[in-house]
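Everything below belongs to start-v9.pdb, which stores PDB, C-alpha atoms.
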```
ATOM      1  CA  MET E   1      20.484 -28.659 -66.796
ATOM      2  CA  LYS E   2      18.668 -25.843 -64.993
ATOM      3  CA  CYS E   3      15.405 -26.095 -63.097
ATOM      4  CA  ARG E   4      12.526 -25.207 -65.381
ATOM      5  CA  ARG E   5      10.834 -23.052 -62.743
ATOM      6  CA  CYS E   6      13.495 -21.254 -60.737
ATOM      7  CA  GLY E   7      16.670 -21.555 -62.807
ATOM      8  CA  GLU E   8      18.695 -23.293 -60.105
ATOM      9  CA  VAL E   9      20.636 -26.475 -60.835
ATOM     10  CA  ALA E  10      18.194 -29.291 -61.632
ATOM     11  CA  GLN E  11      18.605 -32.520 -59.689
ATOM     12  CA  VAL E  12      15.721 -34.446 -61.256
ATOM     13  CA  ALA E  13      15.522 -34.902 -65.028
ATOM     14  CA  LEU E  14      12.089 -35.748 -66.438
ATOM     15  CA  PRO E  15      12.495 -36.530 -70.162
ATOM     16  CA  SER E  16       8.796 -37.341 -70.555
ATOM     17  CA  HIS E  17       8.021 -33.724 -69.606
ATOM     18  CA  HIS E  18      11.061 -32.324 -71.462
ATOM     19  CA  THR E  19      12.261 -30.682 -68.282
ATOM     20  CA  GLY E  20      14.098 -30.954 -64.985
ATOM     21  CA  PHE E  21      13.608 -29.584 -61.477
ATOM     22  CA  CYS E  22      15.505 -28.665 -58.340
ATOM     23  CA  PRO E  23      14.285 -30.516 -55.210
ATOM     24  CA  THR E  24      11.898 -27.763 -54.056
ATOM     25  CA  CYS E  25      10.305 -27.286 -57.465
ATOM     26  CA  PHE E  26      10.100 -31.049 -58.025
ATOM     27  CA  LEU E  27       8.040 -31.420 -54.841
ATOM     28  CA  ASP E  28       5.712 -28.682 -56.109
ATOM     29  CA  PHE E  29       5.479 -30.531 -59.445
ATOM     30  CA  PHE E  30       4.675 -33.804 -57.653
ATOM     31  CA  ARG E  31       1.877 -32.242 -55.603
ATOM     32  CA  ALA E  32       0.506 -30.528 -58.725
ATOM     33  CA  GLN E  33       0.315 -33.855 -60.569
ATOM     34  CA  VAL E  34      -1.577 -35.426 -57.660
ATOM     35  CA  ALA E  35      -3.948 -32.451 -57.506
ATOM     36  CA  ARG E  36      -4.528 -32.679 -61.265
ATOM     37  CA  ALA E  37      -5.381 -36.381 -61.072
ATOM     38  CA  ILE E  38      -7.783 -35.838 -58.161
ATOM     39  CA  ARG E  39      -9.522 -32.961 -59.930
ATOM     40  CA  ARG E  40      -9.635 -34.420 -63.457
ATOM     41  CA  HIS E  41     -10.911 -37.830 -62.368
ATOM     42  CA  ARG E  42     -13.210 -36.530 -59.616
ATOM     43  CA  MET E  43     -11.638 -38.700 -56.946
ATOM     44  CA  PHE E  44     -12.708 -36.907 -53.761
ATOM     45  CA  GLY E  45     -13.297 -33.484 -52.287
ATOM     46  CA  PRO E  46     -11.618 -31.632 -49.401
ATOM     47  CA  ASP E  47     -14.451 -32.502 -47.014
ATOM     48  CA  GLU E  48     -14.429 -36.245 -47.703
ATOM     49  CA  ARG E  49     -12.560 -38.799 -45.604
ATOM     50  CA  VAL E  50     -10.059 -40.922 -47.541
ATOM     51  CA  LEU E  51      -8.583 -44.256 -46.470
ATOM     52  CA  VAL E  52      -5.154 -45.065 -47.917
ATOM     53  CA  ALA E  53      -3.872 -48.640 -48.176
ATOM     54  CA  VAL E  54      -0.341 -48.584 -46.775
ATOM     55  CA  SER E  55       1.901 -51.578 -47.415
ATOM     56  CA  GLY E  56       5.224 -50.015 -46.432
ATOM     57  CA  GLY E  57       6.416 -49.567 -50.015
ATOM     58  CA  LYS E  58       7.445 -46.221 -51.472
ATOM     59  CA  ASP E  59       4.241 -45.549 -53.394
ATOM     60  CA  SER E  60       1.796 -46.054 -50.529
ATOM     61  CA  LEU E  61       3.970 -44.071 -48.106
ATOM     62  CA  ALA E  62       4.380 -41.265 -50.643
ATOM     63  CA  LEU E  63       0.612 -41.228 -51.211
ATOM     64  CA  VAL E  64      -0.488 -40.967 -47.591
ATOM     65  CA  HIS E  65       2.159 -38.328 -46.950
ATOM     66  CA  VAL E  66       1.396 -36.122 -49.959
ATOM     67  CA  LEU E  67      -2.368 -36.231 -49.345
ATOM     68  CA  GLY E  68      -1.716 -35.205 -45.738
ATOM     69  CA  GLU E  69       0.542 -32.389 -46.954
ATOM     70  CA  MET E  70      -2.225 -31.182 -49.256
ATOM     71  CA  GLY E  71      -4.698 -30.971 -46.382
ATOM     72  CA  TYR E  72      -6.976 -33.895 -47.173
ATOM     73  CA  GLN E  73      -8.725 -35.864 -44.430
ATOM     74  CA  VAL E  74      -6.603 -38.963 -44.872
ATOM     75  CA  GLU E  75      -6.067 -42.012 -42.668
ATOM     76  CA  ALA E  76      -3.910 -45.068 -43.312
ATOM     77  CA  MET E  77      -4.781 -48.755 -43.196
ATOM     78  CA  HIS E  78      -2.330 -51.638 -43.051
ATOM     79  CA  ILE E  79      -3.258 -55.301 -43.416
ATOM     80  CA  ASP E  80      -1.213 -57.717 -41.322
ATOM     81  CA  LEU E  81      -1.172 -60.928 -43.367
ATOM     82  CA  GLY E  82       0.097 -63.164 -40.574
ATOM     83  CA  ILE E  83       3.216 -64.320 -42.438
ATOM     84  CA  THR E  84       5.786 -65.329 -39.820
ATOM     85  CA  GLY E  85       9.068 -63.466 -40.168
ATOM     86  CA  SER E  86       7.643 -61.037 -42.716
ATOM     87  CA  SER E  87       4.413 -59.434 -41.506
ATOM     88  CA  GLU E  88       5.729 -58.491 -38.050
ATOM     89  CA  PRO E  89       8.643 -56.277 -39.180
ATOM     90  CA  ILE E  90       6.599 -54.677 -41.979
ATOM     91  CA  ARG E  91       3.815 -53.813 -39.557
ATOM     92  CA  ALA E  92       6.286 -52.345 -37.066
ATOM     93  CA  PHE E  93       7.848 -50.310 -39.868
ATOM     94  CA  VAL E  94       4.469 -48.901 -40.983
ATOM     95  CA  GLU E  95       3.438 -48.168 -37.401
ATOM     96  CA  ASP E  96       6.677 -46.273 -36.810
ATOM     97  CA  PHE E  97       6.276 -44.287 -40.039
ATOM     98  CA  CYS E  98       2.704 -43.229 -39.228
ATOM     99  CA  ARG E  99       3.549 -42.391 -35.620
ATOM    100  CA  THR E 100       6.556 -40.308 -36.660
ATOM    101  CA  ARG E 101       4.740 -38.506 -39.479
ATOM    102  CA  GLY E 102       1.494 -37.984 -37.585
ATOM    103  CA  HIS E 103      -0.811 -40.156 -39.689
ATOM    104  CA  VAL E 104      -3.740 -42.035 -38.148
ATOM    105  CA  LEU E 105      -3.212 -45.767 -38.753
ATOM    106  CA  HIS E 106      -5.668 -48.668 -38.641
ATOM    107  CA  VAL E 107      -4.419 -52.266 -38.701
ATOM    108  CA  VAL E 108      -6.478 -55.292 -39.723
ATOM    109  CA  GLU E 109      -5.117 -58.753 -38.924
ATOM    110  CA  THR E 110      -6.265 -61.423 -41.378
ATOM    111  CA  ALA E 111      -5.360 -64.120 -38.832
ATOM    112  CA  ALA E 112      -8.068 -62.749 -36.529
ATOM    113  CA  ASP E 113     -10.551 -63.513 -39.314
ATOM    114  CA  GLY E 114      -9.215 -67.057 -39.764
ATOM    115  CA  LEU E 115      -7.295 -66.080 -42.888
ATOM    116  CA  ALA E 116      -3.593 -65.964 -42.083
ATOM    117  CA  ILE E 117      -1.954 -66.175 -45.501
ATOM    118  CA  PRO E 118       0.224 -69.245 -44.708
ATOM    119  CA  ASP E 119      -2.966 -71.108 -43.720
ATOM    120  CA  VAL E 120      -4.726 -69.950 -46.875
ATOM    121  CA  LYS E 121      -1.775 -71.133 -48.969
ATOM    122  CA  ARG E 122      -2.005 -74.617 -47.462
ATOM    123  CA  ALA E 123      -5.780 -74.913 -47.712
ATOM    124  CA  VAL E 124      -6.775 -73.234 -50.977
ATOM    125  CA  ARG E 125      -5.798 -74.666 -54.350
ATOM    126  CA  ARG E 126      -5.367 -71.331 -56.070
ATOM    127  CA  PRO E 127      -2.304 -69.114 -56.624
ATOM    128  CA  ILE E 128      -1.594 -67.511 -53.282
ATOM    129  CA  CYS E 129      -0.994 -64.031 -54.753
ATOM    130  CA  SER E 130      -4.484 -64.106 -56.255
ATOM    131  CA  MET E 131      -6.054 -65.147 -52.956
ATOM    132  CA  CYS E 132      -4.011 -62.647 -50.964
ATOM    133  CA  GLY E 133      -5.131 -59.843 -53.274
ATOM    134  CA  LYS E 134      -8.760 -60.926 -52.958
ATOM    135  CA  ILE E 135      -8.547 -60.948 -49.144
ATOM    136  CA  LYS E 136      -6.830 -57.549 -48.997
ATOM    137  CA  ARG E 137      -9.356 -55.959 -51.354
ATOM    138  CA  HIS E 138     -12.207 -57.400 -49.303
ATOM    139  CA  TRP E 139     -10.915 -56.004 -46.017
ATOM    140  CA  PHE E 140      -9.859 -52.690 -47.463
ATOM    141  CA  ASN E 141     -13.358 -52.136 -48.873
ATOM    142  CA  ARG E 142     -15.101 -53.556 -45.815
ATOM    143  CA  PHE E 143     -13.187 -51.383 -43.365
ATOM    144  CA  ALA E 144     -13.737 -48.261 -45.482
ATOM    145  CA  PHE E 145     -17.478 -48.941 -45.765
ATOM    146  CA  GLU E 146     -18.014 -49.769 -42.107
ATOM    147  CA  HIS E 147     -16.064 -46.721 -40.915
ATOM    148  CA  GLY E 148     -17.672 -44.169 -43.194
ATOM    149  CA  PHE E 149     -14.851 -43.323 -45.612
ATOM    150  CA  ALA E 150     -15.914 -41.704 -48.875
ATOM    151  CA  ALA E 151     -13.051 -43.183 -50.882
ATOM    152  CA  MET E 152     -10.217 -45.671 -50.588
ATOM    153  CA  ALA E 153      -6.936 -44.813 -52.249
ATOM    154  CA  THR E 154      -4.113 -47.047 -53.391
ATOM    155  CA  GLY E 155      -0.578 -46.143 -54.433
ATOM    156  CA  HIS E 156      -0.792 -47.474 -57.985
ATOM    157  CA  ASN E 157       1.445 -45.280 -60.141
ATOM    158  CA  LEU E 158       1.638 -44.683 -63.902
ATOM    159  CA  ASP E 159       3.982 -47.649 -64.427
ATOM    160  CA  ASP E 160       1.545 -49.949 -62.603
ATOM    161  CA  GLU E 161      -1.418 -48.695 -64.590
ATOM    162  CA  VAL E 162       0.318 -48.878 -67.966
ATOM    163  CA  SER E 163       1.641 -52.392 -67.253
ATOM    164  CA  ARG E 164      -1.823 -53.572 -66.354
ATOM    165  CA  LEU E 165      -3.280 -51.866 -69.428
ATOM    166  CA  PHE E 166      -0.623 -53.480 -71.621
ATOM    167  CA  ALA E 167      -1.354 -56.956 -70.218
ATOM    168  CA  ASN E 168      -5.113 -56.528 -70.630
ATOM    169  CA  THR E 169      -4.622 -55.287 -74.195
ATOM    170  CA  LEU E 170      -2.407 -58.251 -75.093
ATOM    171  CA  ARG E 171      -5.280 -60.509 -74.014
ATOM    172  CA  TRP E 172      -7.977 -58.137 -75.331
ATOM    173  CA  ASP E 173      -9.682 -58.646 -72.000
ATOM    174  CA  ALA E 174     -12.716 -56.484 -72.658
ATOM    175  CA  ALA E 175     -14.162 -56.725 -69.139
ATOM    176  CA  TYR E 176     -10.926 -55.600 -67.475
ATOM    177  CA  LEU E 177     -10.321 -52.902 -70.093
ATOM    178  CA  GLY E 178     -13.803 -51.539 -69.462
ATOM    179  CA  GLY E 179     -13.237 -51.410 -65.725
ATOM    180  CA  GLN E 180      -9.686 -50.018 -65.626
ATOM    181  CA  GLY E 181      -9.167 -46.410 -64.665
ATOM    182  CA  PRO E 182      -8.034 -44.063 -61.906
ATOM    183  CA  THR E 183     -11.513 -43.813 -60.345
ATOM    184  CA  LEU E 184     -14.011 -46.613 -59.816
ATOM    185  CA  PRO E 185     -17.306 -45.148 -58.531
ATOM    186  CA  GLY E 186     -18.803 -46.543 -55.365
ATOM    187  CA  GLU E 187     -22.061 -48.443 -55.417
ATOM    188  CA  GLY E 188     -23.914 -50.193 -52.605
ATOM    189  CA  LYS E 189     -21.310 -51.698 -50.293
ATOM    190  CA  PHE E 190     -18.524 -50.956 -52.764
ATOM    191  CA  VAL E 191     -16.671 -47.818 -51.670
ATOM    192  CA  ARG E 192     -15.212 -45.545 -54.370
ATOM    193  CA  LYS E 193     -11.669 -46.626 -55.345
ATOM    194  CA  VAL E 194      -9.107 -44.049 -56.492
ATOM    195  CA  LYS E 195      -5.463 -43.903 -57.634
ATOM    196  CA  PRO E 196      -4.114 -40.371 -57.096
ATOM    197  CA  LEU E 197      -0.583 -41.294 -58.264
ATOM    198  CA  CYS E 198      -1.768 -42.372 -61.731
ATOM    199  CA  ARG E 199       0.118 -39.499 -63.411
ATOM    200  CA  LEU E 200       3.431 -40.193 -61.663
ATOM    201  CA  THR E 201       6.056 -42.849 -62.408
ATOM    202  CA  GLU E 202       7.887 -45.113 -59.992
ATOM    203  CA  PHE E 203      10.978 -42.959 -60.457
ATOM    204  CA  GLU E 204       9.020 -39.849 -59.509
ATOM    205  CA  THR E 205       7.525 -41.399 -56.370
ATOM    206  CA  ALA E 206      11.002 -42.647 -55.391
ATOM    207  CA  ALA E 207      12.384 -39.132 -55.901
ATOM    208  CA  TYR E 208       9.564 -37.686 -53.787
ATOM    209  CA  CYS E 209      10.379 -40.096 -50.964
ATOM    210  CA  PHE E 210      14.091 -39.267 -51.232
ATOM    211  CA  PHE E 211      13.580 -35.505 -51.008
ATOM    212  CA  GLN E 212      11.063 -35.910 -48.178
ATOM    213  CA  GLY E 213      13.368 -38.206 -46.206
ATOM    214  CA  ILE E 214      10.894 -41.086 -46.389
ATOM    215  CA  THR E 215      12.498 -44.511 -46.079
ATOM    216  CA  HIS E 216      10.429 -47.428 -47.300
ATOM    217  CA  TRP E 217      10.280 -51.208 -47.046
ATOM    218  CA  HIS E 218      12.399 -52.965 -49.675
ATOM    219  CA  GLU E 219      12.056 -56.693 -49.006
ATOM    220  CA  ALA E 220       9.679 -58.651 -51.215
ATOM    221  CA  CYS E 221       6.948 -60.907 -49.884
ATOM    222  CA  PRO E 222       8.331 -64.442 -49.360
ATOM    223  CA  TYR E 223       5.446 -65.816 -51.426
ATOM    224  CA  SER E 224       5.876 -63.498 -54.402
ATOM    225  CA  GLY E 225       7.108 -65.023 -57.641
ATOM    226  CA  GLY E 226       8.098 -63.663 -61.047
ATOM    227  CA  ALA E 227       4.975 -61.737 -61.967
ATOM    228  CA  SER E 228       4.446 -61.035 -65.670
ATOM    229  CA  PHE E 229       3.994 -57.347 -64.852
ATOM    230  CA  THR E 230       7.715 -57.161 -64.082
ATOM    231  CA  SER E 231       8.683 -58.114 -67.634
ATOM    232  CA  HIS E 232       5.977 -55.831 -69.022
ATOM    233  CA  LYS E 233       7.416 -52.930 -67.048
ATOM    234  CA  ARG E 234      10.865 -53.608 -68.497
ATOM    235  CA  LEU E 235       9.507 -53.599 -72.044
ATOM    236  CA  LEU E 236       7.619 -50.377 -71.459
ATOM    237  CA  ALA E 237      10.639 -48.778 -69.785
ATOM    238  CA  ASP E 238      12.734 -49.534 -72.881
ATOM    239  CA  LEU E 239      10.051 -47.981 -75.074
ATOM    240  CA  GLU E 240       9.858 -44.927 -72.824
ATOM    241  CA  GLN E 241      13.611 -44.449 -73.024
ATOM    242  CA  VAL E 242      13.500 -44.411 -76.820
ATOM    243  CA  SER E 243      10.352 -42.268 -76.962
ATOM    244  CA  PRO E 244       9.826 -40.247 -73.743
ATOM    245  CA  GLY E 245       6.172 -39.641 -72.930
ATOM    246  CA  THR E 246       4.913 -42.848 -74.525
ATOM    247  CA  LYS E 247       3.543 -44.312 -71.293
ATOM    248  CA  MET E 248       1.543 -41.223 -70.412
ATOM    249  CA  ALA E 249       0.200 -40.929 -73.958
ATOM    250  CA  PHE E 250      -0.797 -44.627 -74.005
ATOM    251  CA  TYR E 251      -2.655 -44.316 -70.704
ATOM    252  CA  GLU E 252      -4.300 -40.939 -71.352
ATOM    253  CA  ASN E 253      -5.454 -41.944 -74.833
ATOM    254  CA  PHE E 254      -6.883 -45.175 -73.453
ATOM    255  CA  LEU E 255      -8.888 -43.280 -70.823
ATOM    256  CA  HIS E 256     -10.170 -40.822 -73.427
ATOM    257  CA  THR E 257     -10.830 -43.192 -76.326
ATOM    258  CA  GLY E 258     -10.353 -46.842 -75.400
ATOM    259  CA  ARG E 259     -12.110 -47.166 -72.078
ATOM    260  CA  PRO E 260     -15.468 -45.772 -73.278
ATOM    261  CA  ALA E 261     -15.453 -48.365 -76.054
ATOM    262  CA  PHE E 262     -15.166 -51.174 -73.500
ATOM    263  CA  ALA E 263     -17.451 -49.641 -70.855
ATOM    264  CA  ALA E 264     -20.372 -52.021 -71.468
ATOM    265  CA  ALA E 265     -18.085 -55.054 -71.241
ATOM    266  CA  GLY E 266     -16.653 -53.717 -67.996
ATOM    267  CA  LYS E 267     -20.096 -53.517 -66.407
ATOM    268  CA  ALA E 268     -21.049 -56.955 -67.719
ATOM    269  CA  GLY E 269     -17.826 -58.396 -66.293
ATOM    270  CA  TYR E 270     -19.119 -57.993 -62.768
ATOM    271  CA  GLY E 271     -22.201 -60.071 -63.525
ATOM    272  CA  GLU E 272     -25.186 -60.126 -61.217
ATOM    273  CA  LEU E 273     -23.959 -59.513 -57.680
ATOM    274  CA  GLN E 274     -25.739 -60.478 -54.492
ATOM    275  CA  ALA E 275     -25.027 -60.169 -50.792
ATOM    276  CA  CYS E 276     -22.796 -62.945 -49.466
ATOM    277  CA  ALA E 277     -24.819 -65.131 -47.095
ATOM    278  CA  GLU E 278     -22.028 -64.998 -44.518
ATOM    279  CA  CYS E 279     -20.387 -61.542 -44.580
ATOM    280  CA  GLY E 280     -23.067 -59.569 -46.425
ATOM    281  CA  TYR E 281     -20.683 -58.031 -48.944
ATOM    282  CA  PRO E 282     -21.120 -58.226 -52.739
ATOM    283  CA  SER E 283     -20.555 -61.661 -54.243
ATOM    284  CA  SER E 284     -21.105 -63.373 -57.590
ATOM    285  CA  GLY E 285     -22.439 -66.421 -55.745
ATOM    286  CA  GLU E 286     -24.199 -67.292 -52.516
ATOM    287  CA  ILE E 287     -20.865 -67.290 -50.637
ATOM    288  CA  CYS E 288     -18.083 -64.875 -51.586
ATOM    289  CA  GLY E 289     -14.536 -66.039 -52.336
ATOM    290  CA  VAL E 290     -13.154 -64.752 -49.033
ATOM    291  CA  CYS E 291     -15.744 -66.578 -46.950
ATOM    292  CA  ARG E 292     -15.195 -69.739 -48.996
ATOM    293  CA  ALA E 293     -11.475 -69.485 -48.296
ATOM    294  CA  ARG E 294     -12.182 -69.104 -44.574
ATOM    295  CA  ARG E 295     -14.272 -72.291 -44.689
ATOM    296  CA  MET E 296     -11.431 -74.145 -46.421
ATOM    297  CA  VAL E 297      -8.886 -72.999 -43.829
ATOM    298  CA  ALA E 298     -11.230 -74.125 -41.063
ATOM    299  CA  GLY E 299     -11.752 -77.468 -42.799
ATOM    300  CA  THR E 300     -15.487 -76.940 -43.282
ATOM    301  CA  GLY E 301     -15.496 -76.290 -47.020
ATOM    302  CA  PRO E 302     -14.275 -77.844 -50.285
ATOM    303  CA  THR E 303     -10.581 -77.674 -51.125
TER     304      THR E 303
END
```
Turn the structure described in the file into structure tokens.
Amino acid sequence: MKCRRCGEVAQVALPSHHTGFCPTCFLDFFRAQVARAIRRHRMFGPDERVLVAVSGGKDSLALVHVLGEMGYQVEAMHIDLGITGSSEPIRAFVEDFCRTRGHVLHVVETAADGLAIPDVKRAVRRPICSMCGKIKRHWFNRFAFEHGFAAMATGHNLDDEVSRLFANTLRWDAAYLGGQGPTLPGEGKFVRKVKPLCRLTEFETAAYCFFQGITHWHEACPYSGGASFTSHKRLLADLEQVSPGTKMAFYENFLHTGRPAFAAAGKAGYGELQACAECGYPSSGEICGVCRARRMVAGTGPT
């Protein structure tokens, strides 16, 4: 196969686009897809500061690097979860990556807020992945708001988005379907949330990292279990192999046709929000879930 653009030998085949690219042209393609997502979904402008959540995985590292390449005012944020034997090496890895590549990095330690994940796991009777996600989202938004960022970006790719869409459709979860999309507008103390990799697959972000010489963290969190999204991704990958382009068509058609139909349910799903009496950030009750978890860890709240 020859590269679609320059005619050299292609090293990356992209059946969903009916084409293939050499390394140089693939990198141009990758940046063009990111630019298209940012422009089409009105994610942010060249003069706005963007905070990128960096976990150490390929998608978040690819995202912060490509946005920097494209000239955006981007800074990285890593959340140290306080998991002994896991958080320390991941943090060191992210710090080394950002130092080497010239990215500004901010680190938030959940333990400093009384919310080390092992302590949360012992104190809170809820699935730890759910609580961990809640805590990370809280601090990501809080840091972005308090430090004047216009948008916060995550490395969710097309496979992530389609898997989530598939799961929500299986349940016909109207509230989640109404709220899913590559851009969630900011309001009050909620900073705008964006997903610039929404048009790119896991394979494509892995290829980008390979050609850019970006190594990434491979080890899974010691608390992670067999998430249903993993099986959903396998099913969708099989479908994509039989019918290339299915995932993109499913997602794009949902954004164009499906999401507007569920928009009212998405807004209603948030309910009436108020300021948390302790941290001041939006909450469905007097005390938000993160502050309640902190009380439980400290032994001053219900378990």
Review point. Excluding same-chain residues fewer than 2 positions from range 33-35 of chain E, what lies within 7 Å of it counting only C-alpha atoms, as a PyMOL selection string?
Key: chain E and resi 29-31+37-39+196-197+199
Review point. Evaluating the PyMOL selection byres ((chain E and resi 166) around 12) on the displayed file yields which residues, as a VMD selection string?
Key: chain E and resid 158 to 165 167 to 173 176 to 177 180 228 to 236 247 250 to 251 254
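Taking only C-alpha atoms into account, the polymer residues that have an atom no farther than 12 Å from (-13.2, -76.8, -42.4) are Gly114, Asp119, Val120, Ala123, Val124, Cys291, Arg292, Ala293, Arg294, Arg295, Met296, Val297, Ala298, Gly299, Thr300, Gly301, Pro302 and Thr303 of chain E.
Nearest to Ile135 in chain E of all the residues E:Thr183, E:Asp80, E:Gly178, E:Glu272 is E:Asp80, counting all atoms listed in the file.
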Check your understanding: Exactly which residues make up the result of the PyMOL selection byres ((chain E and resi 155) around 9) on this file, given as a PyMOL selection string?
Key -> chain E and resi 52-54+57-64+153-154+156-157+195-198
Practice item. Give me the result of the PyMOL selection byres ((chain E and resi 285) around 12) on this file, residue by residue, as a PyMOL selection string. Key: chain E and resi 270-278+280-284+286-292
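Computed from the coordinates, the CA of Phe149 in chain E to CA of Leu51 in chain E distance equals 6.4 Å.
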Which residues of range 104-208 of chain E sit at most 12 Å from range 2-12 of chain E, using all atoms listed in the file? Give each one's shortest atom pair and distance in Å (one decimal place), in chain and ascending residue order, as a Markdown table.
```
| residue | atom | partner | partner_atom | distance |
| --- | --- | --- | --- | --- |
| E:Phe203 | CA | E:Val12 | CA | 9.8 |
| E:Glu204 | CA | E:Val12 | CA | 8.8 |
| E:Thr205 | CA | E:Val12 | CA | 11.8 |
| E:Ala206 | CA | E:Val12 | CA | 11.1 |
| E:Ala207 | CA | E:Val12 | CA | 7.9 |
| E:Tyr208 | CA | E:Val12 | CA | 10.2 |
```
Write the residues of the selection above to a file with C-alpha atoms, as a PDB file, keeping the file's coordinate frame.
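Saved file out11.pdb follows:
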```
ATOM      1  CA  PHE E 203      10.978 -42.959 -60.457  1.00  0.00           C
ATOM      2  CA  GLU E 204       9.020 -39.849 -59.509  1.00  0.00           C
ATOM      3  CA  THR E 205       7.525 -41.399 -56.370  1.00  0.00           C
ATOM      4  CA  ALA E 206      11.002 -42.647 -55.391  1.00  0.00           C
ATOM      5  CA  ALA E 207      12.384 -39.132 -55.901  1.00  0.00           C
ATOM      6  CA  TYR E 208       9.564 -37.686 -53.787  1.00  0.00           C
TER       7      TYR E 208
END
```
